>>> print(open('start-v3.cif').read())   # mmCIF, N, CA and C atoms
data_protein
#
loop_
_atom_site.label_atom_id
_atom_site.label_comp_id
_atom_site.auth_asym_id
_atom_site.auth_seq_id
_atom_site.Cartn_x
_atom_site.Cartn_y
_atom_site.Cartn_z
N MET A 1 112.61 242.78 202.58
CA MET A 1 113.99 243.13 202.25
C MET A 1 114.89 242.63 203.37
N THR A 2 115.98 241.99 203.01
CA THR A 2 116.94 241.51 204.00
C THR A 2 118.00 242.58 204.24
N VAL A 3 118.73 242.40 205.32
CA VAL A 3 119.82 243.33 205.63
C VAL A 3 120.85 243.28 204.52
N ALA A 4 121.16 242.09 204.05
CA ALA A 4 122.16 241.94 202.99
C ALA A 4 121.75 242.69 201.73
N SER A 5 120.48 242.59 201.36
CA SER A 5 120.05 243.28 200.15
C SER A 5 119.99 244.80 200.36
N ALA A 6 119.69 245.23 201.57
CA ALA A 6 119.63 246.67 201.85
C ALA A 6 121.00 247.31 201.73
N PHE A 7 122.04 246.57 202.09
CA PHE A 7 123.39 247.12 202.06
C PHE A 7 124.20 246.67 200.84
N ALA A 8 123.57 245.95 199.94
CA ALA A 8 124.27 245.48 198.73
C ALA A 8 124.74 246.67 197.91
N GLY A 9 125.94 246.59 197.42
CA GLY A 9 126.48 247.65 196.58
C GLY A 9 127.13 248.79 197.33
N MET A 10 127.01 248.80 198.67
CA MET A 10 127.66 249.86 199.45
C MET A 10 129.16 249.60 199.50
N ARG A 11 129.91 250.65 199.44
CA ARG A 11 131.37 250.54 199.50
C ARG A 11 131.84 250.94 200.89
N SER A 12 132.97 250.42 201.26
CA SER A 12 133.53 250.83 202.55
C SER A 12 134.03 252.27 202.42
N VAL A 13 133.95 253.00 203.48
CA VAL A 13 134.34 254.40 203.48
C VAL A 13 135.68 254.53 204.19
N ALA A 14 136.59 255.28 203.61
CA ALA A 14 137.89 255.51 204.24
C ALA A 14 137.68 256.34 205.50
N PRO A 15 138.43 256.04 206.56
CA PRO A 15 138.29 256.83 207.78
C PRO A 15 138.70 258.28 207.54
N VAL A 16 138.03 259.19 208.23
CA VAL A 16 138.33 260.62 208.11
C VAL A 16 139.55 260.93 208.98
N VAL A 17 140.49 261.69 208.43
CA VAL A 17 141.63 262.16 209.21
C VAL A 17 141.71 263.68 209.08
N PHE A 18 142.20 264.29 210.12
CA PHE A 18 142.31 265.74 210.17
C PHE A 18 143.78 266.12 210.33
N LYS A 19 144.23 267.12 209.60
CA LYS A 19 145.59 267.63 209.75
C LYS A 19 145.61 268.58 210.94
N ALA A 20 146.65 268.46 211.74
CA ALA A 20 146.75 269.30 212.93
C ALA A 20 148.22 269.61 213.19
N GLY A 21 148.43 270.56 214.07
CA GLY A 21 149.78 270.95 214.46
C GLY A 21 149.84 271.26 215.93
N CYS A 22 151.00 271.05 216.51
CA CYS A 22 151.20 271.32 217.93
C CYS A 22 151.97 272.63 218.09
N PRO A 23 151.44 273.57 218.87
CA PRO A 23 152.14 274.83 219.09
C PRO A 23 153.37 274.67 219.99
N ASP A 24 153.42 273.58 220.76
CA ASP A 24 154.56 273.38 221.67
C ASP A 24 155.79 272.84 220.95
N CYS A 25 155.63 271.71 220.24
CA CYS A 25 156.79 271.08 219.59
C CYS A 25 156.85 271.38 218.09
N ARG A 26 155.85 272.06 217.57
CA ARG A 26 155.76 272.42 216.15
C ARG A 26 155.56 271.21 215.24
N GLY A 27 155.18 270.08 215.82
CA GLY A 27 154.93 268.88 215.03
C GLY A 27 153.70 269.05 214.15
N ARG A 28 153.71 268.42 212.98
CA ARG A 28 152.57 268.41 212.05
C ARG A 28 152.20 266.95 211.85
N PHE A 29 150.92 266.62 211.90
CA PHE A 29 150.49 265.23 211.84
C PHE A 29 149.04 265.14 211.44
N GLU A 30 148.56 263.93 211.25
CA GLU A 30 147.16 263.67 210.96
C GLU A 30 146.56 262.92 212.14
N LEU A 31 145.33 263.27 212.50
CA LEU A 31 144.64 262.65 213.61
C LEU A 31 143.31 262.07 213.14
N ALA A 32 142.96 260.92 213.68
CA ALA A 32 141.65 260.34 213.43
C ALA A 32 140.61 261.12 214.23
N ALA A 33 139.37 261.04 213.81
CA ALA A 33 138.28 261.74 214.51
C ALA A 33 138.24 261.36 215.99
N SER A 34 138.57 260.12 216.30
CA SER A 34 138.53 259.65 217.69
C SER A 34 139.59 260.32 218.57
N ALA A 35 140.60 260.94 217.98
CA ALA A 35 141.66 261.60 218.75
C ALA A 35 141.33 263.05 219.08
N LEU A 36 140.23 263.56 218.54
CA LEU A 36 139.84 264.95 218.75
C LEU A 36 138.58 265.04 219.58
N ARG A 37 138.43 266.16 220.28
CA ARG A 37 137.21 266.47 221.03
C ARG A 37 136.80 267.89 220.66
N LEU A 38 135.51 268.11 220.52
CA LEU A 38 134.97 269.42 220.18
C LEU A 38 134.04 269.87 221.29
N ALA A 39 134.24 271.07 221.78
CA ALA A 39 133.35 271.67 222.79
C ALA A 39 132.69 272.88 222.15
N ILE A 40 131.36 272.89 222.18
CA ILE A 40 130.61 274.00 221.60
C ILE A 40 129.97 274.79 222.73
N GLY A 41 130.41 276.04 222.86
CA GLY A 41 129.90 276.90 223.92
C GLY A 41 128.94 277.94 223.37
N ALA A 42 128.55 278.84 224.23
CA ALA A 42 127.59 279.88 223.86
C ALA A 42 128.22 280.97 223.00
N THR A 43 129.54 281.10 223.07
CA THR A 43 130.24 282.15 222.30
C THR A 43 131.43 281.54 221.57
N SER A 44 132.03 282.34 220.71
CA SER A 44 133.22 281.88 220.00
C SER A 44 134.39 281.64 220.96
N ARG A 45 134.41 282.34 222.09
CA ARG A 45 135.48 282.15 223.08
C ARG A 45 135.36 280.82 223.81
N THR A 46 134.16 280.26 223.84
CA THR A 46 133.97 278.99 224.55
C THR A 46 133.73 277.82 223.59
N THR A 47 134.04 278.01 222.33
CA THR A 47 133.94 276.93 221.34
C THR A 47 135.35 276.60 220.87
N PHE A 48 135.76 275.35 221.09
CA PHE A 48 137.13 274.96 220.79
C PHE A 48 137.21 273.46 220.52
N TYR A 49 138.35 273.05 219.95
CA TYR A 49 138.62 271.62 219.82
C TYR A 49 139.94 271.35 220.54
N SER A 50 140.11 270.10 220.94
CA SER A 50 141.31 269.75 221.68
C SER A 50 141.79 268.36 221.29
N PHE A 51 143.06 268.13 221.55
CA PHE A 51 143.67 266.83 221.30
C PHE A 51 144.98 266.77 222.07
N THR A 52 145.54 265.58 222.18
CA THR A 52 146.85 265.39 222.78
C THR A 52 147.85 265.20 221.65
N CYS A 53 148.93 265.96 221.66
CA CYS A 53 149.94 265.85 220.62
C CYS A 53 150.56 264.46 220.65
N PRO A 54 150.53 263.75 219.53
CA PRO A 54 151.11 262.41 219.51
C PRO A 54 152.64 262.42 219.54
N GLU A 55 153.25 263.57 219.32
CA GLU A 55 154.71 263.65 219.31
C GLU A 55 155.30 264.04 220.66
N CYS A 56 154.70 265.02 221.34
CA CYS A 56 155.28 265.46 222.62
C CYS A 56 154.35 265.24 223.82
N GLY A 57 153.09 264.86 223.57
CA GLY A 57 152.15 264.59 224.65
C GLY A 57 151.47 265.81 225.23
N ALA A 58 151.68 266.98 224.66
CA ALA A 58 151.06 268.22 225.17
C ALA A 58 149.56 268.21 224.92
N ALA A 59 148.82 268.75 225.86
CA ALA A 59 147.38 268.96 225.68
C ALA A 59 147.21 270.23 224.86
N VAL A 60 146.56 270.11 223.70
CA VAL A 60 146.40 271.24 222.79
C VAL A 60 144.93 271.63 222.72
N ARG A 61 144.68 272.92 222.81
CA ARG A 61 143.31 273.46 222.71
C ARG A 61 143.35 274.62 221.74
N LYS A 62 142.47 274.56 220.72
CA LYS A 62 142.44 275.60 219.69
C LYS A 62 141.01 276.07 219.47
N PRO A 63 140.84 277.36 219.15
CA PRO A 63 139.49 277.88 218.89
C PRO A 63 138.89 277.23 217.65
N ALA A 64 137.57 277.10 217.65
CA ALA A 64 136.88 276.50 216.51
C ALA A 64 135.77 277.43 216.03
N GLY A 65 135.97 278.00 214.85
CA GLY A 65 134.94 278.83 214.23
C GLY A 65 133.87 277.95 213.60
N GLU A 66 132.91 278.58 212.97
CA GLU A 66 131.79 277.85 212.38
C GLU A 66 132.22 276.78 211.38
N ARG A 67 133.18 277.12 210.52
CA ARG A 67 133.62 276.16 209.50
C ARG A 67 134.33 274.96 210.12
N ILE A 68 135.15 275.20 211.13
CA ILE A 68 135.85 274.11 211.82
C ILE A 68 134.84 273.21 212.52
N VAL A 69 133.85 273.81 213.17
CA VAL A 69 132.80 273.03 213.84
C VAL A 69 132.08 272.14 212.82
N GLU A 70 131.76 272.72 211.68
CA GLU A 70 131.07 271.97 210.62
C GLU A 70 131.92 270.78 210.14
N LEU A 71 133.20 271.02 209.90
CA LEU A 71 134.08 269.96 209.42
C LEU A 71 134.27 268.86 210.47
N LEU A 72 134.48 269.26 211.71
CA LEU A 72 134.71 268.27 212.76
C LEU A 72 133.47 267.44 213.05
N THR A 73 132.32 268.08 213.14
CA THR A 73 131.10 267.31 213.41
C THR A 73 130.76 266.41 212.23
N GLY A 74 130.98 266.90 211.01
CA GLY A 74 130.73 266.09 209.82
C GLY A 74 131.68 264.91 209.71
N GLY A 75 132.86 265.04 210.32
CA GLY A 75 133.86 263.98 210.28
C GLY A 75 133.77 263.00 211.43
N GLY A 76 132.76 263.18 212.29
CA GLY A 76 132.55 262.21 213.36
C GLY A 76 133.27 262.49 214.66
N VAL A 77 133.75 263.71 214.87
CA VAL A 77 134.42 264.06 216.11
C VAL A 77 133.40 264.16 217.25
N SER A 78 133.73 263.58 218.41
CA SER A 78 132.86 263.65 219.58
C SER A 78 132.66 265.10 219.98
N THR A 79 131.42 265.45 220.26
CA THR A 79 131.07 266.84 220.55
C THR A 79 130.43 266.96 221.92
N LEU A 80 130.85 267.96 222.66
CA LEU A 80 130.28 268.28 223.95
C LEU A 80 129.67 269.67 223.85
N ARG A 81 128.42 269.80 224.21
CA ARG A 81 127.77 271.11 224.20
C ARG A 81 127.82 271.68 225.60
N LEU A 82 128.45 272.85 225.72
CA LEU A 82 128.59 273.52 227.01
C LEU A 82 127.39 274.42 227.24
N HIS A 83 126.87 274.41 228.44
CA HIS A 83 125.73 275.27 228.79
C HIS A 83 126.18 276.29 229.79
N SER A 84 125.74 277.51 229.63
CA SER A 84 126.11 278.54 230.57
C SER A 84 125.25 278.45 231.82
N ALA A 85 125.84 278.77 232.95
CA ALA A 85 125.10 278.75 234.22
C ALA A 85 124.23 280.00 234.29
N LEU A 86 123.05 279.84 234.80
CA LEU A 86 122.13 280.98 234.93
C LEU A 86 122.26 281.62 236.28
#
>>> encode(input="start-v3.cif", output="structure tokens")
Amino acid sequence: MTVASAFAGMRSVAPVVFKAGCPDCRGRFELAASALRLAIGATSRTTFYSFTCPECGAAVRKPAGERIVELLTGGGVSTLRLHSAL
């Protein structure tokens, strides 16, 4: 089997975008997965996603529950796993 035949019939996939909002400037926008970062900690208090507001430049950090983690990881957002110090 050649590479061409293995991928024959595959369609291009539209890039995933996420809707977000900035608490500082109240801007609403869409961000590509590459514009977001996800940090997964040991607790819900240490699990969050972050991005830079494209409108005002503010660093935004928001909590991420299980469903948000699932959506972001499924959409290709870079993930950092935080480990607690012993």
>>> resolve_selection(input="start-v3.cif", expression="the PyMOL selection byres ((chain A and resi 76-83) around 5)", output="list in words")
Ala33, Arg37, Leu38, Ala39, Ile40, Gly41, Leu72, Thr73, Gly74, Gly75, Ser84 and Ala85 of chain A
>>> residues_around(input="start-v3.cif", residues="Val60 (chain A)", least_positions_apart="6", cutoff="7 Å", atoms="all atoms listed in the file", output="list in words")
Cys22, Pro23, Tyr49, Ser50, Phe51, Thr52 and Cys53 of chain A
>>> atom_distance(input="start-v3.cif", atom1="atom C of Leu36 (chain A)", atom2="atom N of Gly21 (chain A)")
12.6 Å
>>> residues_around(input="start-v3.cif", residues="Gly65 (chain A)", least_positions_apart="2", cutoff="10 Å", atoms="only C-alpha atoms", output="PyMOL selection string")
chain A and resi 40+43-45+47-49+62-63+67-70
>>> closest_residue(input="start-v3.cif", among="A:Ala42, A:Ala32, A:Ala59, A:Leu71", to="Pro15 (chain A)", atoms="only N, CA and C atoms")
A:Ala32
>>> select_by_dssp(input="start-v3.cif", residues="chain A", states="strand (DSSP E)", output="ChimeraX atom specification")
/A:17-21,28-32,37-40,48-52,59-63,78-81
>>> decode(input="start-v3.cif", residues="region 38-73 of chain A", atoms="N, CA and C atoms", output="PDB file, in the first residue's frame")
ATOM      1  N   LEU A  38      -3.597  24.805  28.149  1.00  0.00           N
ATOM      2  CA  LEU A  38      -4.355  24.122  29.189  1.00  0.00           C
ATOM      3  C   LEU A  38      -3.387  23.562  30.212  1.00  0.00           C
ATOM      4  N   ALA A  39      -3.627  23.839  31.477  1.00  0.00           N
ATOM      5  CA  ALA A  39      -2.825  23.283  32.572  1.00  0.00           C
ATOM      6  C   ALA A  39      -3.735  22.394  33.401  1.00  0.00           C
ATOM      7  N   ILE A  40      -3.322  21.141  33.563  1.00  0.00           N
ATOM      8  CA  ILE A  40      -4.114  20.188  34.340  1.00  0.00           C
ATOM      9  C   ILE A  40      -3.374  19.893  35.641  1.00  0.00           C
ATOM     10  N   GLY A  41      -4.005  20.286  36.738  1.00  0.00           N
ATOM     11  CA  GLY A  41      -3.407  20.088  38.049  1.00  0.00           C
ATOM     12  C   GLY A  41      -4.080  18.951  38.802  1.00  0.00           C
ATOM     13  N   ALA A  42      -3.691  18.797  40.037  1.00  0.00           N
ATOM     14  CA  ALA A  42      -4.208  17.718  40.877  1.00  0.00           C
ATOM     15  C   ALA A  42      -5.637  17.990  41.342  1.00  0.00           C
ATOM     16  N   THR A  43      -6.040  19.254  41.349  1.00  0.00           N
ATOM     17  CA  THR A  43      -7.386  19.619  41.818  1.00  0.00           C
ATOM     18  C   THR A  43      -8.052  20.551  40.808  1.00  0.00           C
ATOM     19  N   SER A  44      -9.324  20.811  41.036  1.00  0.00           N
ATOM     20  CA  SER A  44     -10.041  21.738  40.159  1.00  0.00           C
ATOM     21  C   SER A  44      -9.485  23.161  40.287  1.00  0.00           C
ATOM     22  N   ARG A  45      -8.902  23.495  41.428  1.00  0.00           N
ATOM     23  CA  ARG A  45      -8.315  24.831  41.626  1.00  0.00           C
ATOM     24  C   ARG A  45      -7.039  25.019  40.821  1.00  0.00           C
ATOM     25  N   THR A  46      -6.379  23.923  40.483  1.00  0.00           N
ATOM     26  CA  THR A  46      -5.126  24.029  39.735  1.00  0.00           C
ATOM     27  C   THR A  46      -5.267  23.570  38.279  1.00  0.00           C
ATOM     28  N   THR A  47      -6.493  23.453  37.806  1.00  0.00           N
ATOM     29  CA  THR A  47      -6.746  23.102  36.412  1.00  0.00           C
ATOM     30  C   THR A  47      -7.392  24.314  35.743  1.00  0.00           C
ATOM     31  N   PHE A  48      -6.729  24.831  34.710  1.00  0.00           N
ATOM     32  CA  PHE A  48      -7.194  26.057  34.079  1.00  0.00           C
ATOM     33  C   PHE A  48      -6.710  26.129  32.634  1.00  0.00           C
ATOM     34  N   TYR A  49      -7.321  27.053  31.882  1.00  0.00           N
ATOM     35  CA  TYR A  49      -6.812  27.348  30.545  1.00  0.00           C
ATOM     36  C   TYR A  49      -6.487  28.833  30.503  1.00  0.00           C
ATOM     37  N   SER A  50      -5.600  29.194  29.593  1.00  0.00           N
ATOM     38  CA  SER A  50      -5.185  30.584  29.505  1.00  0.00           C
ATOM     39  C   SER A  50      -4.966  30.987  28.054  1.00  0.00           C
ATOM     40  N   PHE A  51      -5.029  32.288  27.842  1.00  0.00           N
ATOM     41  CA  PHE A  51      -4.777  32.855  26.522  1.00  0.00           C
ATOM     42  C   PHE A  51      -4.508  34.346  26.693  1.00  0.00           C
ATOM     43  N   THR A  52      -4.010  34.967  25.643  1.00  0.00           N
ATOM     44  CA  THR A  52      -3.820  36.409  25.618  1.00  0.00           C
ATOM     45  C   THR A  52      -4.954  37.009  24.809  1.00  0.00           C
ATOM     46  N   CYS A  53      -5.630  37.998  25.359  1.00  0.00           N
ATOM     47  CA  CYS A  53      -6.742  38.636  24.658  1.00  0.00           C
ATOM     48  C   CYS A  53      -6.222  39.309  23.396  1.00  0.00           C
ATOM     49  N   PRO A  54      -6.789  38.966  22.241  1.00  0.00           N
ATOM     50  CA  PRO A  54      -6.333  39.579  21.001  1.00  0.00           C
ATOM     51  C   PRO A  54      -6.765  41.040  20.858  1.00  0.00           C
ATOM     52  N   GLU A  55      -7.685  41.485  21.693  1.00  0.00           N
ATOM     53  CA  GLU A  55      -8.177  42.863  21.596  1.00  0.00           C
ATOM     54  C   GLU A  55      -7.431  43.829  22.513  1.00  0.00           C
ATOM     55  N   CYS A  56      -7.168  43.420  23.758  1.00  0.00           N
ATOM     56  CA  CYS A  56      -6.504  44.345  24.688  1.00  0.00           C
ATOM     57  C   CYS A  56      -5.135  43.851  25.169  1.00  0.00           C
ATOM     58  N   GLY A  57      -4.785  42.600  24.859  1.00  0.00           N
ATOM     59  CA  GLY A  57      -3.481  42.067  25.240  1.00  0.00           C
ATOM     60  C   GLY A  57      -3.391  41.538  26.658  1.00  0.00           C
ATOM     61  N   ALA A  58      -4.496  41.493  27.384  1.00  0.00           N
ATOM     62  CA  ALA A  58      -4.493  41.005  28.767  1.00  0.00           C
ATOM     63  C   ALA A  58      -4.239  39.498  28.806  1.00  0.00           C
ATOM     64  N   ALA A  59      -3.513  39.067  29.813  1.00  0.00           N
ATOM     65  CA  ALA A  59      -3.329  37.636  30.059  1.00  0.00           C
ATOM     66  C   ALA A  59      -4.574  37.149  30.793  1.00  0.00           C
ATOM     67  N   VAL A  60      -5.268  36.169  30.215  1.00  0.00           N
ATOM     68  CA  VAL A  60      -6.522  35.671  30.778  1.00  0.00           C
ATOM     69  C   VAL A  60      -6.327  34.237  31.241  1.00  0.00           C
ATOM     70  N   ARG A  61      -6.805  33.955  32.436  1.00  0.00           N
ATOM     71  CA  ARG A  61      -6.737  32.603  33.014  1.00  0.00           C
ATOM     72  C   ARG A  61      -8.118  32.271  33.558  1.00  0.00           C
ATOM     73  N   LYS A  62      -8.657  31.124  33.112  1.00  0.00           N
ATOM     74  CA  LYS A  62     -10.004  30.716  33.530  1.00  0.00           C
ATOM     75  C   LYS A  62      -9.978  29.264  34.001  1.00  0.00           C
ATOM     76  N   PRO A  63     -10.821  28.930  34.989  1.00  0.00           N
ATOM     77  CA  PRO A  63     -10.884  27.545  35.463  1.00  0.00           C
ATOM     78  C   PRO A  63     -11.403  26.620  34.365  1.00  0.00           C
ATOM     79  N   ALA A  64     -10.942  25.382  34.398  1.00  0.00           N
ATOM     80  CA  ALA A  64     -11.380  24.393  33.405  1.00  0.00           C
ATOM     81  C   ALA A  64     -11.894  23.150  34.111  1.00  0.00           C
ATOM     82  N   GLY A  65     -13.201  22.934  34.026  1.00  0.00           N
ATOM     83  CA  GLY A  65     -13.802  21.718  34.561  1.00  0.00           C
ATOM     84  C   GLY A  65     -13.575  20.555  33.607  1.00  0.00           C
ATOM     85  N   GLU A  66     -14.111  19.414  33.963  1.00  0.00           N
ATOM     86  CA  GLU A  66     -13.900  18.201  33.166  1.00  0.00           C
ATOM     87  C   GLU A  66     -14.335  18.358  31.712  1.00  0.00           C
ATOM     88  N   ARG A  67     -15.490  18.971  31.494  1.00  0.00           N
ATOM     89  CA  ARG A  67     -16.002  19.124  30.123  1.00  0.00           C
ATOM     90  C   ARG A  67     -15.113  20.057  29.299  1.00  0.00           C
ATOM     91  N   ILE A  68     -14.647  21.136  29.895  1.00  0.00           N
ATOM     92  CA  ILE A  68     -13.763  22.074  29.192  1.00  0.00           C
ATOM     93  C   ILE A  68     -12.445  21.384  28.858  1.00  0.00           C
ATOM     94  N   VAL A  69     -11.905  20.622  29.799  1.00  0.00           N
ATOM     95  CA  VAL A  69     -10.665  19.878  29.550  1.00  0.00           C
ATOM     96  C   VAL A  69     -10.853  18.926  28.372  1.00  0.00           C
ATOM     97  N   GLU A  70     -11.975  18.227  28.362  1.00  0.00           N
ATOM     98  CA  GLU A  70     -12.275  17.282  27.282  1.00  0.00           C
ATOM     99  C   GLU A  70     -12.346  17.997  25.922  1.00  0.00           C
ATOM    100  N   LEU A  71     -13.042  19.122  25.872  1.00  0.00           N
ATOM    101  CA  LEU A  71     -13.182  19.870  24.624  1.00  0.00           C
ATOM    102  C   LEU A  71     -11.843  20.437  24.148  1.00  0.00           C
ATOM    103  N   LEU A  72     -11.079  21.004  25.063  1.00  0.00           N
ATOM    104  CA  LEU A  72      -9.804  21.605  24.679  1.00  0.00           C
ATOM    105  C   LEU A  72      -8.788  20.559  24.228  1.00  0.00           C
ATOM    106  N   THR A  73      -8.687  19.470  24.955  1.00  0.00           N
ATOM    107  CA  THR A  73      -7.729  18.435  24.546  1.00  0.00           C
ATOM    108  C   THR A  73      -8.155  17.793  23.229  1.00  0.00           C
TER     109      THR A  73
END
